[in-house]
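Here the structure is laid out as structure tokens; the discussion comes afterwards.
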Amino acid sequence: MNVAPAPRRLVVVVPSLRRALATWGPLIDRLSKEPEFANAEWLRWDHHLHTLSRGSPAALANELAALVNQTWVAQGPFDDVVLVGHSVGGVLARQAYLRACGAGNSSVEPYDWGRRVSRIVLFASINRGLSLARHRTVRWSAMFARFLPPLRRFFGWELLCGSDFITNLRIEWIRHFAGLRDDAPLVVQLLGTRDDFVARDDSIDIEQFKCGYYTEVPGADHGTLHRLDLASDPDGRYALIRDAFVGDRPKRAENIAVQGPEQVVFVLHGIRANSKTWVKELRDHIARTWERVEAIGPQYRWFSALEFAIPVTRRRHLRWFQDAYAQALARNPRARFSFIGHSNGTYLFGESLHAIPGMRFERAALVGTVLPEDFDWAICNRRSQIGELRVDGSALDWPVGWLCSFLRGIGMKDIGTGGFNGFVDNAVTRHDYFWYQGGHSAPLVSANLPALAQFVVEGEVVPPTTGGENAGFAMVSRGLRVLAPIVTLGVIALLVWLGLTNFSAFLIAVAVLAGVALLLAFM
């Protein structure tokens, strides 16, 4: 009886941090003796990463993809490719695979090896990123990095839950696998019962598909999951690991059914509001009116004008929003997304669109938006990220017309008066409604909320009743942008002069500024 020869297989091993490649020896030696790997070439990638490494995970994943391609050209072609990644190595392997397939980026040429990946085995891969809630060290490190920009250059910043890299990886992964159907590689996530970094729920974007599996390994923690030499029962652990590598599908793994709504609407408030105000009213209306539409509200509290004025705090909830989007998409890869946001909520929307190319919305209603007038809608249009916009603005909107104008004048280019003066970029179909008679929240009165919902859910445009521009208010808005740098430099000069000549007057001036800040904190 003739026995079919073992396939000529390329196995790529991507370890975690701290140069842990040597610890893979016992497992690789044992797998190499399996008939399925008798003719395999093992590529063990030493990426030299450690806790304080600097650089971009996306760039490193591209380097890995190129290295595999070099091996494919020099020693191949191979019958198939197996990718193996541990912890950080897991997300690098996933991103390298997407790069090889050209997923999400039509400007790059796919590699031949991407189509030959038959299996991806993940050892406690941080598929959802590092959770701030789950680990104190990660939480404190992230807090320091928020306030100290140089720390954001470290590799770990882009590995946090909801980061740009992790979010876009998950989105592109979901969309890629949703289009593969029966041609998708087998994906297995192995996870130890004592892992304090990763939970099973972190991998629903993998288990969403029939080719994705989960295997629980008893007694294993995050760092030693792959180490047979440290296991109390090496043979038992190897049996579970072997099951992920051998056969048409794992026999000891699980695959859960994940379901989500057909349409998701994010409803995000901005300053001077919380989830119990207009957000709750609008979400309740959507739930009553459309059975198969889920309205997701913010997971953050009351947001003040002072928090918005400070760049660090106005960006604080970006990672939450980006992670929430990826989680909702993971529950249903074919779900349609829309957005309704006010004030700083529109800032989260705009910043995320530019940072996450894979994020897409059918429609968005921006109320009192704080995005710049010159916001680049053209790039969003090229990426097919947004279909249609509705912009509602008020005649007496001081947070947008005055505060944003002043902040823009002192150099804050990420915000502006788009919700007061409108946008100059017409690359996206847009419905502008200026001017509601009232302040920052005038378009959010109960009578107008159904029209906002009708637009984002069904695309029906119900024009509101609006008035005209307040000429005096608009004049102050334009003047603040010009006067902002002069006023700021004048205040600084005054404080310095008072500090050197009249300390009592200096203290009074500081108290006045503190009073203004306190006022903004409650507005």
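Order determines the names: the first chain of the structure tokens is A, the second B, and so forth; residues in each chain are numbered 1 upward, and ligands are numbered 1 upward as they are shown.
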
Which residues are close to stretch 180-197 of chain A, i.e. within 7 Å by only C-alpha atoms, leaving aside same-chain residues fewer than 3 positions away? Reply as a list in words.
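Listed by chain and then number, they are Val117, Ser118, Arg119, Ile120, Val121, Leu122, Phe123, Ala124, Leu130, Arg134, His135, His176, Phe177, Cys211, Gly212, Tyr213, Tyr214, Thr215, Glu216, Val217, Pro218, Gly219, Ala220, Asp221, His222, Leu225 and Ala244 of chain A.
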
Restricting it to C-alpha atoms, dump the selection as a compact mmCIF listing (two decimals), in the first residue's frame.
# COMPACT_ATOMS: atom_id res chain seq x y z
CA VAL A 117 -2.13 29.44 4.54
CA SER A 118 -4.02 26.37 5.71
CA ARG A 119 -3.93 26.86 9.48
CA ILE A 120 -3.28 29.58 12.07
CA VAL A 121 -2.60 28.36 15.60
CA LEU A 122 -2.71 31.03 18.29
CA PHE A 123 -1.34 30.58 21.79
CA ALA A 124 -3.16 33.07 24.04
CA LEU A 130 -4.46 44.37 26.27
CA ARG A 134 -8.13 43.31 33.57
CA HIS A 135 -4.55 44.20 34.46
CA HIS A 176 -11.71 39.15 4.99
CA PHE A 177 -12.96 35.92 6.54
CA CYS A 211 -13.30 27.76 10.72
CA GLY A 212 -12.49 29.31 14.14
CA TYR A 213 -12.04 27.24 17.31
CA TYR A 214 -11.20 27.62 20.96
CA THR A 215 -9.31 25.13 23.13
CA GLU A 216 -8.95 25.50 26.90
CA VAL A 217 -5.69 24.22 28.37
CA PRO A 218 -5.89 23.36 32.10
CA GLY A 219 -3.21 24.68 34.44
CA ALA A 220 -1.56 26.90 31.82
CA ASP A 221 -0.92 30.61 32.30
CA HIS A 222 -0.28 33.29 29.69
CA LEU A 225 1.06 27.91 27.63
CA ALA A 244 -4.77 22.15 17.05

Among the residues of stretch 326-415 of chain A, find those DSSP assigns to helix (DSSP H, G or I) from the backbone and print them as an MDAnalysis selection string.
chainID A and resid 326:331 344:355 377:382 398:409

Would you put the residues from that selection into a file with N, CA and C atoms, as an mmCIF file, in the first residue's frame?
data_model
loop_
_atom_site.group_PDB
_atom_site.id
_atom_site.type_symbol
_atom_site.label_atom_id
_atom_site.label_comp_id
_atom_site.auth_asym_id
_atom_site.auth_seq_id
_atom_site.Cartn_x
_atom_site.Cartn_y
_atom_site.Cartn_z
ATOM 1 N N ALA A 326 -15.613 47.326 16.805
ATOM 2 C CA ALA A 326 -15.075 46.019 16.412
ATOM 3 C C ALA A 326 -15.870 44.880 17.043
ATOM 4 N N GLN A 327 -16.271 45.030 18.304
ATOM 5 C CA GLN A 327 -17.052 43.994 18.969
ATOM 6 C C GLN A 327 -18.411 43.819 18.298
ATOM 7 N N ALA A 328 -19.049 44.937 17.936
ATOM 8 C CA ALA A 328 -20.354 44.842 17.276
ATOM 9 C C ALA A 328 -20.226 44.174 15.910
ATOM 10 N N LEU A 329 -19.162 44.492 15.173
ATOM 11 C CA LEU A 329 -18.937 43.868 13.869
ATOM 12 C C LEU A 329 -18.629 42.383 14.025
ATOM 13 N N ALA A 330 -17.919 42.028 15.095
ATOM 14 C CA ALA A 330 -17.581 40.623 15.329
ATOM 15 C C ALA A 330 -18.832 39.780 15.555
ATOM 16 N N ARG A 331 -19.858 40.382 16.131
ATOM 17 C CA ARG A 331 -21.106 39.642 16.379
ATOM 18 C C ARG A 331 -21.905 39.419 15.100
ATOM 19 N N ASN A 344 -18.592 66.416 21.494
ATOM 20 C CA ASN A 344 -17.389 65.584 21.541
ATOM 21 C C ASN A 344 -17.626 64.182 20.996
ATOM 22 N N GLY A 345 -18.877 63.730 20.978
ATOM 23 C CA GLY A 345 -19.172 62.444 20.347
ATOM 24 C C GLY A 345 -18.831 62.460 18.871
ATOM 25 N N THR A 346 -19.037 63.606 18.205
ATOM 26 C CA THR A 346 -18.677 63.701 16.789
ATOM 27 C C THR A 346 -17.163 63.741 16.614
ATOM 28 N N TYR A 347 -16.460 64.229 17.620
ATOM 29 C CA TYR A 347 -14.992 64.215 17.582
ATOM 30 C C TYR A 347 -14.488 62.774 17.588
ATOM 31 N N LEU A 348 -15.048 61.925 18.448
ATOM 32 C CA LEU A 348 -14.663 60.518 18.483
ATOM 33 C C LEU A 348 -14.920 59.859 17.134
ATOM 34 N N PHE A 349 -16.035 60.217 16.532
ATOM 35 C CA PHE A 349 -16.397 59.679 15.221
ATOM 36 C C PHE A 349 -15.376 60.087 14.156
ATOM 37 N N GLY A 350 -15.082 61.373 14.054
ATOM 38 C CA GLY A 350 -14.180 61.862 13.025
ATOM 39 C C GLY A 350 -12.761 61.358 13.189
ATOM 40 N N GLU A 351 -12.242 61.393 14.415
ATOM 41 C CA GLU A 351 -10.880 60.916 14.657
ATOM 42 C C GLU A 351 -10.753 59.429 14.345
ATOM 43 N N SER A 352 -11.782 58.667 14.669
ATOM 44 C CA SER A 352 -11.750 57.225 14.414
ATOM 45 C C SER A 352 -11.791 56.925 12.928
ATOM 46 N N LEU A 353 -12.587 57.679 12.176
ATOM 47 C CA LEU A 353 -12.635 57.467 10.726
ATOM 48 C C LEU A 353 -11.258 57.642 10.092
ATOM 49 N N HIS A 354 -10.538 58.684 10.488
ATOM 50 C CA HIS A 354 -9.226 58.924 9.900
ATOM 51 C C HIS A 354 -8.204 57.880 10.346
ATOM 52 N N ALA A 355 -8.307 57.407 11.585
ATOM 53 C CA ALA A 355 -7.311 56.479 12.126
ATOM 54 C C ALA A 355 -7.579 55.029 11.742
ATOM 55 N N TRP A 377 -13.141 64.927 4.372
ATOM 56 C CA TRP A 377 -14.161 63.933 4.014
ATOM 57 C C TRP A 377 -13.767 63.191 2.741
ATOM 58 N N ALA A 378 -12.887 63.778 1.953
ATOM 59 C CA ALA A 378 -12.489 63.154 0.690
ATOM 60 C C ALA A 378 -11.816 61.808 0.928
ATOM 61 N N ILE A 379 -10.937 61.742 1.942
ATOM 62 C CA ILE A 379 -10.270 60.464 2.208
ATOM 63 C C ILE A 379 -11.264 59.429 2.710
ATOM 64 N N CYS A 380 -12.264 59.880 3.477
ATOM 65 C CA CYS A 380 -13.317 58.960 3.933
ATOM 66 C C CYS A 380 -14.114 58.440 2.744
ATOM 67 N N ASN A 381 -14.337 59.291 1.761
ATOM 68 C CA ASN A 381 -15.063 58.887 0.566
ATOM 69 C C ASN A 381 -14.264 57.878 -0.251
ATOM 70 N N ARG A 382 -12.953 58.115 -0.381
ATOM 71 C CA ARG A 382 -12.101 57.180 -1.140
ATOM 72 C C ARG A 382 -12.071 55.812 -0.481
ATOM 73 N N TRP A 398 -22.307 78.293 21.659
ATOM 74 C CA TRP A 398 -21.026 78.844 22.127
ATOM 75 C C TRP A 398 -19.917 77.802 22.241
ATOM 76 N N PRO A 399 -20.204 76.515 22.623
ATOM 77 C CA PRO A 399 -19.088 75.555 22.651
ATOM 78 C C PRO A 399 -18.432 75.359 21.283
ATOM 79 N N VAL A 400 -19.227 75.409 20.203
ATOM 80 C CA VAL A 400 -18.653 75.260 18.863
ATOM 81 C C VAL A 400 -18.212 76.611 18.302
ATOM 82 N N GLY A 401 -19.143 77.588 18.305
ATOM 83 C CA GLY A 401 -18.857 78.868 17.688
ATOM 84 C C GLY A 401 -17.798 79.681 18.402
ATOM 85 N N TRP A 402 -17.730 79.582 19.726
ATOM 86 C CA TRP A 402 -16.768 80.385 20.484
ATOM 87 C C TRP A 402 -15.596 79.560 21.016
ATOM 88 N N LEU A 403 -15.909 78.521 21.808
ATOM 89 C CA LEU A 403 -14.830 77.739 22.432
ATOM 90 C C LEU A 403 -13.952 77.070 21.383
ATOM 91 N N CYS A 404 -14.565 76.380 20.409
ATOM 92 C CA CYS A 404 -13.773 75.702 19.375
ATOM 93 C C CYS A 404 -13.009 76.707 18.520
ATOM 94 N N SER A 405 -13.618 77.865 18.267
ATOM 95 C CA SER A 405 -12.917 78.895 17.499
ATOM 96 C C SER A 405 -11.679 79.372 18.246
ATOM 97 N N PHE A 406 -11.812 79.579 19.555
ATOM 98 C CA PHE A 406 -10.678 80.014 20.369
ATOM 99 C C PHE A 406 -9.592 78.935 20.404
ATOM 100 N N LEU A 407 -9.991 77.686 20.657
ATOM 101 C CA LEU A 407 -9.022 76.590 20.737
ATOM 102 C C LEU A 407 -8.322 76.379 19.392
ATOM 103 N N ARG A 408 -9.070 76.548 18.328
ATOM 104 C CA ARG A 408 -8.469 76.450 16.992
ATOM 105 C C ARG A 408 -7.436 77.555 16.800
ATOM 106 N N GLY A 409 -7.756 78.740 17.315
ATOM 107 C CA GLY A 409 -6.854 79.873 17.177
ATOM 108 C C GLY A 409 -5.539 79.704 17.897
#

Minimum-distance residue to A:His317, chosen among A:Arg363, A:Arg54, A:His269, A:Arg128 (using only C-alpha atoms):
A:His269

So, with only C-alpha atoms as the atoms that count, which of A:Ala74, A:Leu49, A:Leu495, A:Val82 lies closest to A:Phe37?
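The shortest atom-to-atom distance to A:Phe37 comes from A:Val82.
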
Have a look at atom CA of A:Gly419 and atom CA of A:Val457 and let me know their distance in Å, one decimal.
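Computing it gives 21.7 Å between the two atoms.
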
Could you give me, as a PyMOL selection string, the residues within 9 Å of A:Thr224, counting only C-alpha atoms and dropping anything in the same chain fewer than 5 positions from it?
chain A and resi 23+192+230-231

Go ahead and write the residues just picked, C-alpha atoms, as a compact mmCIF listing (two decimals), in the first residue's frame.
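Result file selection12.txt:
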# COMPACT_ATOMS: atom_id res chain seq x y z
CA THR A 23 11.40 28.10 24.99
CA GLY A 192 -4.83 28.53 29.54
CA LEU A 230 6.85 23.28 32.71
CA ALA A 231 3.53 21.43 32.48

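The spacing separating atom CA of A:Val367 from atom CA of A:Glu281 amounts to 15.7 Å.
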
Just list the residues in stretch 111-317 of chain A DSSP gives strand (DSSP E or B) on the backbone, as a PyMOL selection string.
chain A and resi 117-123+130+154+160+186-192+212-217+254+263-268+293-296

Spatial neighbours of stretch 384-388 of chain A, 12 Å, only C-alpha atoms, chain gap at least 4 places, as a PyMOL selection string
chain A and resi 104+336-339+349-350+352-366+376-380+426-432+455-461

9 Å contact set for A:Pro57, only C-alpha atoms, chain neighbours under 2 positions out, as a PyMOL selection string
chain A and resi 55+59-62+91-92+95+155-156+158-159+165

Of the residues A:Gln454, A:Ser131, A:Arg252, A:Ala493, which is the one nearest to A:Val265, using only C-alpha atoms?
A:Gln454

A:His47 surroundings by only C-alpha atoms, 9 Å radius, close-in-sequence under 3 positions cut, as a VMD selection string:
chain A and resid 14 to 17 19 60 64

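Nearest to A:Phe375 of all the residues A:Phe423, A:Trp320, A:Trp42, A:Trp173 is A:Phe423, based on only C-alpha atoms.
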
So that I can check the surroundings of A:Val496, please list as a PDB file with N, CA and C atoms, in the first residue's frame every protein, DNA and RNA residue that reaches within 10 Å of it, counting only C-alpha atoms and ignoring chain neighbours fewer than 6 positions away.
ATOM      1  N   GLY A 490      -0.915  87.268  25.893  1.00  0.00           N
ATOM      2  CA  GLY A 490      -1.089  88.374  26.833  1.00  0.00           C
ATOM      3  C   GLY A 490      -1.293  87.902  28.253  1.00  0.00           C
ATOM      4  N   ASN A 502       4.414  91.642  41.634  1.00  0.00           N
ATOM      5  CA  ASN A 502       3.340  91.756  42.633  1.00  0.00           C
ATOM      6  C   ASN A 502       2.732  90.374  42.861  1.00  0.00           C
ATOM      7  N   PHE A 506      -0.614  88.403  41.452  1.00  0.00           N
ATOM      8  CA  PHE A 506      -0.418  87.153  40.716  1.00  0.00           C
ATOM      9  C   PHE A 506      -1.365  86.070  41.231  1.00  0.00           C
TER      10      PHE A 506
END

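Checking A:His342, A:Asp392, A:Thr417, A:Val258 one by one against A:Pro372, counting only C-alpha atoms, you find the shortest gap at A:Thr417.
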